[in-house]
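S.K.: Pasting protein22.cif here (mmCIF, C-alpha atoms):
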```cif
data_data
#
loop_
_atom_site.group_PDB
_atom_site.id
_atom_site.type_symbol
_atom_site.label_atom_id
_atom_site.label_comp_id
_atom_site.auth_asym_id
_atom_site.auth_seq_id
_atom_site.Cartn_x
_atom_site.Cartn_y
_atom_site.Cartn_z
ATOM 1 C CA MET N 1096 -21.184 -26.950 26.429
ATOM 2 C CA LYS N 1097 -22.788 -27.845 29.744
ATOM 3 C CA GLN N 1098 -22.691 -24.190 30.769
ATOM 4 C CA ARG N 1099 -24.625 -23.116 27.663
ATOM 5 C CA THR N 1100 -27.195 -25.897 28.126
ATOM 6 C CA LEU N 1101 -27.740 -24.935 31.748
ATOM 7 C CA LEU N 1102 -28.022 -21.256 30.944
ATOM 8 C CA SER N 1103 -30.500 -22.044 28.169
ATOM 9 C CA THR N 1104 -32.602 -24.096 30.584
ATOM 10 C CA LEU N 1105 -32.600 -21.331 33.192
ATOM 11 C CA SER N 1106 -33.534 -18.776 30.544
ATOM 12 C CA SER N 1107 -36.469 -20.939 29.419
ATOM 13 C CA PHE N 1108 -37.595 -21.349 33.032
ATOM 14 C CA TYR N 1109 -37.646 -17.583 33.680
ATOM 15 C CA SER N 1110 -39.639 -17.052 30.498
ATOM 16 C CA PHE N 1111 -42.663 -18.639 32.197
ATOM 17 C CA PRO N 1112 -45.099 -16.417 34.087
ATOM 18 C CA LEU N 1113 -44.513 -16.112 37.811
ATOM 19 C CA ILE N 1114 -47.511 -18.250 38.711
ATOM 20 C CA ILE N 1115 -46.240 -21.125 36.527
ATOM 21 C CA ARG N 1116 -42.730 -20.845 37.983
ATOM 22 C CA SER N 1117 -44.228 -20.948 41.486
ATOM 23 C CA TYR N 1118 -46.091 -24.165 40.759
ATOM 24 C CA ILE N 1119 -42.957 -25.768 39.301
ATOM 25 C CA ILE N 1120 -40.915 -24.824 42.378
ATOM 26 C CA ILE N 1121 -43.621 -26.128 44.728
ATOM 27 C CA PHE N 1122 -43.815 -29.413 42.822
ATOM 28 C CA PHE N 1123 -40.098 -30.111 42.983
ATOM 29 C CA LEU N 1124 -39.763 -29.016 46.583
ATOM 30 C CA LEU N 1125 -42.607 -31.284 47.665
ATOM 31 C CA LEU N 1126 -41.078 -34.087 45.614
ATOM 32 C CA THR N 1127 -37.790 -33.529 47.445
ATOM 33 C CA ARG N 1128 -39.604 -33.665 50.778
ATOM 34 C CA SER N 1129 -40.844 -37.202 50.169
ATOM 35 C CA THR N 1130 -37.279 -38.419 49.833
ATOM 36 C CA VAL N 1131 -35.630 -36.220 52.469
ATOM 37 C CA CYS N 1132 -38.191 -36.640 55.274
ATOM 38 C CA SER N 1133 -38.611 -40.129 56.707
ATOM 39 C CA VAL N 1134 -41.848 -41.708 57.964
ATOM 40 C CA ASN N 1135 -42.951 -40.659 61.448
ATOM 41 C CA PRO N 1136 -41.234 -43.255 63.712
ATOM 42 C CA LYS N 1137 -44.152 -43.194 66.171
ATOM 43 C CA PHE N 1138 -46.530 -44.117 63.345
ATOM 44 C CA GLN N 1139 -44.393 -47.180 62.667
ATOM 45 C CA ALA N 1140 -43.950 -48.041 66.349
ATOM 46 C CA CYS N 1141 -47.711 -48.014 67.033
ATOM 47 C CA GLU N 1142 -48.570 -50.695 64.492
ATOM 48 C CA PRO N 1143 -51.084 -53.138 66.086
ATOM 49 C CA LYS N 1144 -49.468 -56.198 67.708
ATOM 50 C CA THR N 1145 -50.591 -59.580 69.050
ATOM 51 C CA CYS N 1146 -49.368 -61.661 71.977
ATOM 52 C CA GLY N 1147 -48.393 -64.325 69.459
ATOM 53 C CA GLY N 1148 -50.332 -67.268 70.850
ATOM 54 C CA ASP N 1149 -51.767 -70.133 68.790
ATOM 55 C CA THR N 1150 -55.307 -69.695 70.125
ATOM 56 C CA ASN N 1151 -55.625 -65.929 70.399
ATOM 57 C CA HIS N 1152 -54.773 -63.666 67.454
ATOM 58 C CA GLN N 1153 -56.513 -60.416 68.341
ATOM 59 C CA ASN N 1154 -54.688 -57.225 67.422
ATOM 60 C CA ILE N 1155 -53.845 -54.899 70.283
ATOM 61 C CA SER N 1156 -54.047 -51.169 69.572
ATOM 62 C CA PHE N 1157 -55.039 -47.881 71.245
ATOM 63 C CA PRO N 1158 -56.027 -47.385 73.995
ATOM 64 C CA PHE N 1159 -54.309 -50.684 74.838
ATOM 65 C CA TYR N 1160 -50.671 -51.546 74.219
ATOM 66 C CA ILE N 1161 -48.516 -54.604 74.951
ATOM 67 C CA ILE N 1162 -45.874 -53.529 77.458
ATOM 68 C CA SER N 1163 -43.204 -55.900 76.115
ATOM 69 C CA LYS N 1164 -43.835 -55.136 72.429
ATOM 70 C CA GLN N 1165 -45.057 -51.539 72.110
ATOM 71 C CA ASN N 1166 -44.075 -48.158 73.475
ATOM 72 C CA SER N 1167 -46.218 -46.582 76.175
ATOM 73 C CA TYR N 1168 -47.098 -43.639 73.866
ATOM 74 C CA CYS N 1169 -49.085 -46.095 71.711
ATOM 75 C CA GLY N 1170 -51.727 -46.399 74.442
ATOM 76 C CA LEU N 1171 -53.072 -44.801 77.586
ATOM 77 C CA PRO N 1172 -51.895 -45.084 81.190
ATOM 78 C CA ASP N 1173 -53.631 -48.037 82.930
ATOM 79 C CA PHE N 1174 -54.148 -49.779 79.567
ATOM 80 C CA GLY N 1175 -50.840 -51.621 79.385
ATOM 81 C CA LEU N 1176 -51.203 -55.383 78.800
ATOM 82 C CA THR N 1177 -48.919 -58.328 79.440
ATOM 83 C CA CYS N 1178 -49.078 -61.727 77.706
ATOM 84 C CA SER N 1179 -49.775 -65.097 79.309
ATOM 85 C CA HIS N 1180 -47.777 -68.236 78.488
ATOM 86 C CA ASP N 1181 -50.579 -69.387 76.166
ATOM 87 C CA GLY N 1182 -50.710 -66.098 74.243
ATOM 88 C CA PHE N 1183 -53.675 -64.344 75.851
ATOM 89 C CA PRO N 1184 -53.447 -60.663 76.848
ATOM 90 C CA ILE N 1185 -53.602 -59.969 80.587
ATOM 91 C CA VAL N 1186 -55.020 -56.721 81.974
ATOM 92 C CA ASN N 1187 -54.451 -55.354 85.473
ATOM 93 C CA LEU N 1188 -57.666 -53.950 86.945
ATOM 94 C CA ALA N 1189 -57.141 -52.243 90.297
ATOM 95 C CA GLY N 1190 -54.439 -54.744 91.229
ATOM 96 C CA ASP N 1191 -56.247 -57.874 89.988
ATOM 97 C CA LEU N 1192 -55.155 -59.728 86.842
ATOM 98 C CA TYR N 1193 -57.739 -60.815 84.256
ATOM 99 C CA THR N 1194 -57.428 -62.746 81.007
ATOM 100 C CA VAL N 1195 -58.628 -60.696 78.016
ATOM 101 C CA GLN N 1196 -60.819 -62.961 75.891
ATOM 102 C CA ASN N 1197 -61.991 -60.330 73.374
ATOM 103 C CA ILE N 1198 -61.645 -56.595 72.799
ATOM 104 C CA PHE N 1199 -64.517 -54.770 71.084
ATOM 105 C CA TYR N 1200 -63.094 -51.450 69.887
ATOM 106 C CA ASN N 1201 -66.329 -50.339 68.210
ATOM 107 C CA ASN N 1202 -68.224 -49.955 71.502
ATOM 108 C CA GLN N 1203 -65.260 -49.640 73.901
ATOM 109 C CA SER N 1204 -65.794 -52.871 75.803
ATOM 110 C CA LEU N 1205 -63.879 -56.080 76.459
ATOM 111 C CA ARG N 1206 -64.627 -59.555 77.738
ATOM 112 C CA VAL N 1207 -62.361 -60.717 80.553
ATOM 113 C CA SER N 1208 -62.200 -63.786 82.764
ATOM 114 C CA ILE N 1209 -60.421 -64.761 85.968
ATOM 115 C CA PRO N 1210 -57.225 -66.638 84.970
ATOM 116 C CA ALA N 1211 -57.840 -69.394 87.539
ATOM 117 C CA LEU N 1212 -61.265 -70.002 85.990
ATOM 118 C CA SER N 1213 -60.359 -69.553 82.316
ATOM 119 C CA GLY N 1214 -59.010 -73.091 81.878
ATOM 120 C CA LEU N 1215 -61.213 -75.217 84.106
ATOM 121 C CA SER N 1216 -60.373 -78.370 82.150
ATOM 122 C CA THR N 1217 -56.930 -78.461 83.806
ATOM 123 C CA THR N 1218 -56.150 -80.824 86.683
ATOM 124 C CA GLU N 1219 -54.976 -78.036 89.000
ATOM 125 C CA CYS N 1220 -57.135 -77.251 92.004
ATOM 126 C CA ILE N 1221 -58.699 -73.787 92.152
ATOM 127 C CA ALA N 1222 -57.238 -71.238 94.548
ATOM 128 C CA PRO N 1223 -59.523 -68.607 96.057
ATOM 129 C CA VAL N 1224 -59.979 -65.573 93.819
ATOM 130 C CA ARG N 1225 -60.508 -62.043 95.039
ATOM 131 C CA ASN N 1226 -64.005 -60.606 95.163
ATOM 132 C CA PHE N 1227 -64.806 -58.696 91.996
ATOM 133 C CA THR N 1228 -65.563 -55.044 92.726
ATOM 134 C CA GLY N 1229 -66.470 -54.151 89.166
ATOM 135 C CA HIS N 1230 -64.838 -50.745 89.034
ATOM 136 C CA SER N 1231 -61.420 -49.173 88.567
ATOM 137 C CA LYS N 1232 -60.176 -45.787 87.389
ATOM 138 C CA ARG N 1233 -60.777 -46.457 83.684
ATOM 139 C CA PHE N 1234 -62.982 -49.561 83.692
ATOM 140 C CA SER N 1235 -66.467 -50.480 84.902
ATOM 141 C CA VAL N 1236 -68.519 -53.657 84.731
ATOM 142 C CA ALA N 1237 -71.188 -53.725 82.030
ATOM 143 C CA SER N 1238 -74.811 -53.826 83.170
ATOM 144 C CA LYS N 1239 -77.250 -56.754 82.994
ATOM 145 C CA GLN N 1240 -74.796 -59.542 83.812
ATOM 146 C CA LYS N 1241 -75.248 -62.515 86.125
ATOM 147 C CA GLN N 1242 -73.721 -62.736 89.579
ATOM 148 C CA VAL N 1243 -71.927 -65.988 90.438
ATOM 149 C CA LEU N 1244 -70.897 -67.123 93.925
ATOM 150 C CA LEU N 1245 -67.925 -69.460 94.374
ATOM 151 C CA PHE N 1246 -67.961 -71.677 97.473
ATOM 152 C CA TYR N 1247 -64.713 -73.391 98.480
ATOM 153 C CA GLY N 1248 -64.276 -76.524 100.615
ATOM 154 C CA CYS N 1249 -67.593 -78.135 99.687
ATOM 155 C CA GLU N 1250 -68.915 -81.702 100.189
ATOM 156 C CA ASN N 1251 -71.938 -83.520 98.791
ATOM 157 C CA MET N 1252 -72.467 -81.018 95.937
ATOM 158 C CA GLN N 1253 -70.642 -82.724 93.038
ATOM 159 C CA GLU N 1254 -73.425 -81.784 90.624
ATOM 160 C CA HIS N 1255 -72.382 -78.128 90.918
ATOM 161 C CA SER N 1256 -68.625 -78.651 91.372
ATOM 162 C CA ILE N 1257 -66.217 -76.968 88.931
ATOM 163 C CA GLY N 1258 -63.028 -78.479 90.389
ATOM 164 C CA CYS N 1259 -61.135 -79.313 93.543
ATOM 165 C CA SER N 1260 -60.378 -76.659 96.130
ATOM 166 C CA ALA N 1261 -56.766 -75.576 96.670
ATOM 167 C CA GLU N 1262 -57.689 -74.910 100.296
ATOM 168 C CA ASN N 1263 -58.536 -78.592 100.770
ATOM 169 C CA ARG N 1264 -57.943 -80.920 97.813
ATOM 170 C CA THR N 1265 -60.398 -83.491 99.127
ATOM 171 C CA ARG N 1266 -63.181 -80.949 98.830
ATOM 172 C CA SER N 1267 -64.565 -79.095 95.817
ATOM 173 C CA VAL N 1268 -65.357 -75.617 94.553
ATOM 174 C CA VAL N 1269 -69.028 -75.022 93.807
ATOM 175 C CA ALA N 1270 -70.247 -72.275 91.439
ATOM 176 C CA LEU N 1271 -73.841 -71.044 91.746
ATOM 177 C CA TYR N 1272 -75.806 -68.209 90.191
ATOM 178 C CA GLY N 1273 -76.790 -65.492 92.627
ATOM 179 C CA ASP N 1274 -80.516 -66.145 92.100
ATOM 180 C CA ASP N 1275 -80.288 -69.932 92.675
ATOM 181 C CA VAL N 1276 -81.734 -69.600 96.183
ATOM 182 C CA ASP N 1277 -82.287 -73.292 96.978
ATOM 183 C CA ASN N 1278 -78.765 -74.407 96.072
ATOM 184 C CA LEU N 1279 -77.265 -71.374 97.813
ATOM 185 C CA LYS N 1280 -78.870 -72.589 101.038
ATOM 186 C CA LEU N 1281 -77.348 -76.050 100.499
ATOM 187 C CA ALA N 1282 -73.932 -74.541 99.845
ATOM 188 C CA LEU N 1283 -74.028 -72.594 103.089
ATOM 189 C CA LYS N 1284 -74.575 -75.893 104.917
ATOM 190 C CA ASN N 1285 -72.082 -78.066 102.996
ATOM 191 C CA CYS N 1286 -69.180 -75.687 102.322
ATOM 192 C CA ARG N 1287 -66.627 -74.749 104.961
ATOM 193 C CA GLY N 1288 -64.219 -72.596 102.981
ATOM 194 C CA THR N 1289 -64.028 -69.148 101.409
ATOM 195 C CA VAL N 1290 -66.928 -67.559 99.506
ATOM 196 C CA ARG N 1291 -66.158 -65.279 96.553
ATOM 197 C CA VAL N 1292 -68.336 -63.218 94.178
ATOM 198 C CA THR N 1293 -67.757 -62.691 90.459
ATOM 199 C CA ARG N 1294 -69.781 -62.040 87.269
ATOM 200 C CA VAL N 1295 -70.563 -63.811 83.977
ATOM 201 C CA GLU N 1296 -71.985 -62.362 80.778
ATOM 202 C CA ASP N 1297 -74.793 -64.943 80.384
ATOM 203 C CA GLU N 1298 -75.879 -68.483 81.265
ATOM 204 C CA LYS N 1299 -75.106 -70.133 77.902
ATOM 205 C CA GLY N 1300 -73.531 -73.571 78.314
ATOM 206 C CA GLY N 1301 -73.988 -73.639 82.073
ATOM 207 C CA VAL N 1302 -72.116 -71.891 84.848
ATOM 208 C CA GLU N 1303 -68.749 -73.592 84.182
ATOM 209 C CA GLU N 1304 -68.693 -72.536 80.536
ATOM 210 C CA ALA N 1305 -69.941 -69.066 81.485
ATOM 211 C CA LEU N 1306 -67.027 -68.649 83.915
ATOM 212 C CA ARG N 1307 -64.610 -69.682 81.172
ATOM 213 C CA ARG N 1308 -66.007 -67.056 78.785
ATOM 214 C CA GLY N 1309 -66.005 -64.359 81.475
ATOM 215 C CA PHE N 1310 -67.853 -61.069 81.690
ATOM 216 C CA LEU N 1311 -68.001 -57.717 79.906
ATOM 217 C CA MET N 1312 -66.405 -54.480 81.021
ATOM 218 C CA ASN N 1313 -66.540 -50.989 79.538
ATOM 219 C CA TRP N 1314 -63.645 -48.586 79.334
ATOM 220 C CA THR N 1315 -63.523 -44.804 79.236
ATOM 221 C CA ALA N 1316 -61.042 -43.225 76.808
ATOM 222 C CA LYS N 1317 -60.730 -40.925 73.826
ATOM 223 C CA ASN N 1318 -62.431 -42.412 70.758
ATOM 224 C CA CYS N 1319 -59.840 -43.333 68.134
ATOM 225 C CA SER N 1320 -62.141 -43.596 65.091
ATOM 226 C CA GLU N 1321 -61.485 -40.149 63.572
ATOM 227 C CA CYS N 1322 -57.729 -40.663 63.668
ATOM 228 C CA SER N 1323 -57.800 -44.269 62.422
ATOM 229 C CA ASN N 1324 -60.319 -43.481 59.666
ATOM 230 C CA SER N 1325 -57.956 -40.781 58.384
ATOM 231 C CA GLY N 1326 -55.098 -43.297 58.127
ATOM 232 C CA GLY N 1327 -53.424 -42.468 61.448
ATOM 233 C CA ARG N 1328 -52.610 -44.448 64.567
ATOM 234 C CA CYS N 1329 -53.759 -43.180 67.939
ATOM 235 C CA GLY N 1330 -51.368 -42.479 70.763
ATOM 236 C CA PHE N 1331 -50.745 -40.442 73.864
ATOM 237 C CA ASP N 1332 -48.346 -37.648 74.802
ATOM 238 C CA GLU N 1333 -47.205 -38.449 78.331
ATOM 239 C CA GLU N 1334 -45.582 -35.033 78.846
ATOM 240 C CA ASP N 1335 -48.633 -32.995 77.814
ATOM 241 C CA TYR N 1336 -51.037 -35.731 79.005
ATOM 242 C CA ALA N 1337 -52.978 -35.395 75.753
ATOM 243 C CA PHE N 1338 -54.278 -37.544 72.904
ATOM 244 C CA ARG N 1339 -52.186 -37.639 69.724
ATOM 245 C CA CYS N 1340 -52.841 -38.921 66.208
ATOM 246 C CA HIS N 1341 -49.644 -40.349 64.699
ATOM 247 C CA CYS N 1342 -49.776 -39.781 60.948
ATOM 248 C CA ARG N 1343 -47.229 -41.074 58.430
ATOM 249 C CA ASP N 1344 -45.683 -37.640 58.040
ATOM 250 C CA ARG N 1345 -46.554 -35.809 61.251
ATOM 251 C CA ILE N 1346 -48.203 -35.854 64.677
ATOM 252 C CA ASP N 1347 -51.623 -34.225 65.010
ATOM 253 C CA SER N 1348 -53.973 -33.551 67.900
ATOM 254 C CA GLU N 1349 -57.023 -35.118 66.196
ATOM 255 C CA SER N 1350 -56.619 -36.714 62.735
ATOM 256 C CA CYS N 1351 -54.530 -36.959 59.562
ATOM 257 C CA TYR N 1352 -57.076 -35.196 57.346
ATOM 258 C CA SER N 1353 -55.680 -32.187 55.480
ATOM 259 C CA GLU N 1354 -57.033 -28.836 56.559
ATOM 260 C CA PRO N 1355 -58.975 -26.921 53.880
ATOM 261 C CA GLY N 1356 -57.189 -23.950 52.237
ATOM 262 C CA ALA N 1357 -58.425 -20.426 51.844
ATOM 263 C CA THR N 1358 -57.727 -18.705 48.521
ATOM 264 C CA ALA N 1359 -55.364 -19.727 45.718
ATOM 265 C CA ALA N 1360 -53.065 -16.797 46.367
ATOM 266 C CA ALA N 1361 -52.851 -17.559 50.088
ATOM 267 C CA VAL N 1362 -52.158 -21.220 49.367
ATOM 268 C CA ILE N 1363 -49.328 -20.409 46.933
ATOM 269 C CA ALA N 1364 -47.766 -17.848 49.227
ATOM 270 C CA GLY N 1365 -48.060 -20.133 52.222
ATOM 271 C CA LEU N 1366 -46.622 -23.126 50.400
ATOM 272 C CA LEU N 1367 -43.695 -21.118 49.107
ATOM 273 C CA SER N 1368 -42.925 -19.820 52.602
ATOM 274 C CA ILE N 1369 -43.255 -23.240 54.212
ATOM 275 C CA CYS N 1370 -41.182 -24.911 51.520
ATOM 276 C CA TYR N 1371 -38.420 -22.336 51.793
ATOM 277 C CA PHE N 1372 -38.090 -22.429 55.566
ATOM 278 C CA THR N 1373 -38.582 -26.190 55.653
ATOM 279 C CA TYR N 1374 -36.143 -27.285 52.976
ATOM 280 C CA MET N 1375 -33.575 -24.518 52.476
ATOM 281 C CA SER N 1376 -32.512 -24.179 56.118
ATOM 282 C CA PRO N 1377 -30.781 -27.090 57.901
ATOM 283 C CA ALA N 1378 -32.191 -25.931 61.237
ATOM 284 C CA SER N 1379 -35.701 -25.852 59.801
ATOM 285 C CA GLN N 1380 -35.303 -29.319 58.330
ATOM 286 C CA GLU N 1381 -34.362 -30.615 61.764
ATOM 287 C CA LYS N 1382 -37.590 -29.089 63.120
ATOM 288 C CA TYR N 1383 -40.088 -30.073 60.428
ATOM 289 C CA CYS N 1384 -38.746 -33.432 59.200
ATOM 290 C CA PHE N 1385 -38.457 -36.594 61.205
ATOM 291 C CA PRO N 1386 -34.884 -37.885 61.716
ATOM 292 C CA THR N 1387 -33.189 -38.969 58.491
ATOM 293 C CA LYS N 1388 -29.686 -39.812 57.395
ATOM 294 C CA VAL N 1389 -30.012 -37.669 54.234
ATOM 295 C CA LYS N 1390 -28.189 -34.352 54.640
ATOM 296 C CA PRO N 1391 -29.827 -31.093 53.493
ATOM 297 C CA LEU N 1392 -29.231 -30.175 49.871
ATOM 298 C CA ARG N 1393 -27.277 -27.005 49.124
ATOM 299 C CA GLU N 1394 -28.384 -25.781 45.707
ATOM 300 C CA ALA N 1395 -25.589 -23.254 45.387
ATOM 301 C CA SER N 1396 -22.811 -25.838 45.766
ATOM 302 C CA ILE N 1397 -24.533 -28.223 43.366
ATOM 303 C CA LEU N 1398 -24.865 -25.546 40.714
ATOM 304 C CA ARG N 1399 -21.201 -24.517 41.160
ATOM 305 C CA SER N 1400 -19.992 -28.109 40.678
ATOM 306 C CA VAL N 1401 -21.958 -28.428 37.431
ATOM 307 C CA LEU N 1402 -20.617 -25.165 36.053
ATOM 308 C CA ASP N 1403 -16.998 -26.145 36.883
ATOM 309 C CA GLU N 1404 -17.149 -29.343 34.803
#
```
Translate this file's structure into structure tokens.
M.R.:
Amino acid sequence: MKQRTLLSTLSSFYSFPLIIRSYIIIFFLLLTRSTVCSVNPKFQACEPKTCGGDTNHQNISFPFYIISKQNSYCGLPDFGLTCSHDGFPIVNLAGDLYTVQNIFYNNQSLRVSIPALSGLSTTECIAPVRNFTGHSKRFSVASKQKQVLLFYGCENMQEHSIGCSAENRTRSVVALYGDDVDNLKLALKNCRGTVRVTRVEDEKGGVEEALRRGFLMNWTAKNCSECSNSGGRCGFDEEDYAFRCHCRDRIDSESCYSEPGATAAAVIAGLLSICYFTYMSPASQEKYCFPTKVKPLREASILRSVLDE
């Protein structure tokens, strides 16, 4: 009975014109693909992450990546971040560590601050920071920002003090804008310690608050918008040293947008060829599908088992 039903179904199928049969085959093969092929594991791995702090919830994504939470192919070399104890991302710029206050992906900039100056309300004395050079391989300081000089080991300048000096706890650290000529002269007379130079974005809230907010830097990297707008997640191929767009079903060099077809006949012929070599051959499945526990279907054995019942 089952044999007659199956033969009747096959006979009905072959009664359709070739073009109709082709569309039916394409439909079922593509349907099979969605269940046989798994989601691109790199697409899943490059989901944006946070450092998990209570005060900072910014998502980290390409070109940055969190070293302890994301794979290096989710970002670019030199853009790996660590996380501070209070949940802020930390970036290494030419050997110096900076707290990342904000990342602005739309214009490829970020606001960073010196960790020792990011929490000036603490009771710890301030250790000397390194002079800020403003440039590294991938990063550069944004223009039109204020220069700030830090004087260590100061006396008689409590009005401009931002904390005690780790060099001498009985003395203070004084922060002055680079154009505050009169107070700079006083600092040179009343301070006996190290002098360091840094930057702040603006003067809002005074110099202490400006140091806490930090300064802006620009980065140079491949723009991710085309890939992300197409539903992909940007990444990097370390072997080829090239940008990659991780799509749900594949890896592309630019985006996840489908490429336009040519003619209907070419599309049908191409789809039939791709479907055959992709789904009928175990070796081809290994090449075109991402790893999956589902074994390749063998239509001949399935059909034989039905006919034997």
S.K.: Care to translate the PyMOL selection byres ((chain N and resi 1347) around 12) into actual residues of this file, as number ranges by chain?
M.R.: N: 1135, 1137-1138, 1321-1322, 1325-1332, 1337-1346, 1348-1354
S.K.: Go through the shown structure with the PyMOL selection byres ((chain N and resi 1265-1280) around 10) and write out the matching residues as a short mmCIF file (atom, residue, chain, number, x, y, z; two decimals) with C-alpha atoms, in the coordinates of the input.
M.R.:
```
data_model
loop_
_atom_site.label_atom_id
_atom_site.label_comp_id
_atom_site.auth_asym_id
_atom_site.auth_seq_id
_atom_site.Cartn_x
_atom_site.Cartn_y
_atom_site.Cartn_z
CA CYS N 1220 -57.14 -77.25 92.00
CA ILE N 1221 -58.70 -73.79 92.15
CA ALA N 1222 -57.24 -71.24 94.55
CA PRO N 1223 -59.52 -68.61 96.06
CA LYS N 1241 -75.25 -62.52 86.12
CA GLN N 1242 -73.72 -62.74 89.58
CA VAL N 1243 -71.93 -65.99 90.44
CA LEU N 1244 -70.90 -67.12 93.92
CA LEU N 1245 -67.92 -69.46 94.37
CA PHE N 1246 -67.96 -71.68 97.47
CA TYR N 1247 -64.71 -73.39 98.48
CA GLY N 1248 -64.28 -76.52 100.62
CA CYS N 1249 -67.59 -78.14 99.69
CA GLU N 1250 -68.92 -81.70 100.19
CA ASN N 1251 -71.94 -83.52 98.79
CA MET N 1252 -72.47 -81.02 95.94
CA GLN N 1253 -70.64 -82.72 93.04
CA GLU N 1254 -73.42 -81.78 90.62
CA HIS N 1255 -72.38 -78.13 90.92
CA SER N 1256 -68.62 -78.65 91.37
CA ILE N 1257 -66.22 -76.97 88.93
CA GLY N 1258 -63.03 -78.48 90.39
CA CYS N 1259 -61.14 -79.31 93.54
CA SER N 1260 -60.38 -76.66 96.13
CA ALA N 1261 -56.77 -75.58 96.67
CA GLU N 1262 -57.69 -74.91 100.30
CA ASN N 1263 -58.54 -78.59 100.77
CA ARG N 1264 -57.94 -80.92 97.81
CA LEU N 1281 -77.35 -76.05 100.50
CA ALA N 1282 -73.93 -74.54 99.84
CA LEU N 1283 -74.03 -72.59 103.09
CA LYS N 1284 -74.58 -75.89 104.92
CA ASN N 1285 -72.08 -78.07 103.00
CA CYS N 1286 -69.18 -75.69 102.32
CA ARG N 1287 -66.63 -74.75 104.96
CA GLY N 1288 -64.22 -72.60 102.98
CA THR N 1289 -64.03 -69.15 101.41
CA VAL N 1290 -66.93 -67.56 99.51
CA ARG N 1291 -66.16 -65.28 96.55
CA VAL N 1292 -68.34 -63.22 94.18
CA THR N 1293 -67.76 -62.69 90.46
CA ARG N 1294 -69.78 -62.04 87.27
CA VAL N 1295 -70.56 -63.81 83.98
CA GLU N 1298 -75.88 -68.48 81.26
CA GLY N 1301 -73.99 -73.64 82.07
CA VAL N 1302 -72.12 -71.89 84.85
CA GLU N 1303 -68.75 -73.59 84.18
CA LEU N 1306 -67.03 -68.65 83.92
#
```
S.K.: How would you write, as a VMD selection string, the residues chosen by the PyMOL selection byres ((chain N and resi 1174) around 10) on this structure?
M.R.: chain N and resid 1157 to 1162 1167 1170 to 1173 1175 to 1176 1186 to 1188 1233 to 1234 1314 1316
S.K.: For those residues, write C-alpha atoms to a file as a tab-separated table (two decimals), in the coordinates of the input.
M.R.:
```tsv
chain	number	residue	atom	x	y	z
N	1157	PHE	CA	-55.04	-47.88	71.24
N	1158	PRO	CA	-56.03	-47.38	74.00
N	1159	PHE	CA	-54.31	-50.68	74.84
N	1160	TYR	CA	-50.67	-51.55	74.22
N	1161	ILE	CA	-48.52	-54.60	74.95
N	1162	ILE	CA	-45.87	-53.53	77.46
N	1167	SER	CA	-46.22	-46.58	76.18
N	1170	GLY	CA	-51.73	-46.40	74.44
N	1171	LEU	CA	-53.07	-44.80	77.59
N	1172	PRO	CA	-51.90	-45.08	81.19
N	1173	ASP	CA	-53.63	-48.04	82.93
N	1175	GLY	CA	-50.84	-51.62	79.39
N	1176	LEU	CA	-51.20	-55.38	78.80
N	1186	VAL	CA	-55.02	-56.72	81.97
N	1187	ASN	CA	-54.45	-55.35	85.47
N	1188	LEU	CA	-57.67	-53.95	86.94
N	1233	ARG	CA	-60.78	-46.46	83.68
N	1234	PHE	CA	-62.98	-49.56	83.69
N	1314	TRP	CA	-63.64	-48.59	79.33
N	1316	ALA	CA	-61.04	-43.22	76.81
```
S.K.: So how far away is atom CA of N:Gln1203 from atom CA of N:Arg1225, in Å?
M.R.: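 Computing the Euclidean distance for atom CA of N:Arg1225 and atom CA of N:Gln1203 yields 25.0 Å.
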S.K.: Between atom CA of N:Phe1183 and atom CA of N:Cys1319, what is the spacing in Å?
M.R.: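 For atom CA of N:Cys1319 relative to atom CA of N:Phe1183, the distance reads 23.2 Å.
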S.K.: What gap, in Å, lies between atom CA of N:Ile1209 and atom CA of N:His1152?
M.R.: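 Rounded to one decimal, the two atoms are 19.4 Å apart.
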S.K.: From the list N:Asn1226, N:Ser1179, N:Ser1323, N:Asn1318, which residue is nearest N:Glu1142 when using only C-alpha atoms?
M.R.: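 Closest candidate: N:Ser1323.
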S.K.: Could you give me, as a PDB file with C-alpha atoms, in the frame of the given file, the residues within 6 Å of N:Leu1205, counting only C-alpha atoms and dropping anything in the same chain fewer than 5 positions from it?
M.R.:
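The result, written out as selection25.pdb:
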```pdb
ATOM      1  CA  ASN N1197     -61.991 -60.330  73.374  1.00  0.00           C
ATOM      2  CA  ILE N1198     -61.645 -56.595  72.799  1.00  0.00           C
ATOM      3  CA  PHE N1199     -64.517 -54.770  71.084  1.00  0.00           C
ATOM      4  CA  LEU N1311     -68.001 -57.717  79.906  1.00  0.00           C
ATOM      5  CA  MET N1312     -66.405 -54.480  81.021  1.00  0.00           C
TER       6      MET N1312
END
```
S.K.: Give me the box for stretch 1192-1195 of chain N as AutoDock Vina command-line options, namely the centre and edge lengths in Å to one decimal of a box along x, y and z that holds every listed atom plus 3 Å on each side.
M.R.:
```
--center_x -56.9 --center_y -61.2 --center_z 82.4 --size_x 9.5 --size_y 9.0 --size_z 14.8
```
S.K.: If you count all atoms listed in the file, which residues fall within 8 Å of N:Ser1208, apart from same-chain ones fewer than 5 positions away, as a list in words?
M.R.: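 Once the adjacent positions are removed, what remains is Tyr1193, Thr1194, Val1195, Gln1196, Ser1213, Leu1306, Arg1307, Arg1308, Gly1309 and Phe1310 of chain N.
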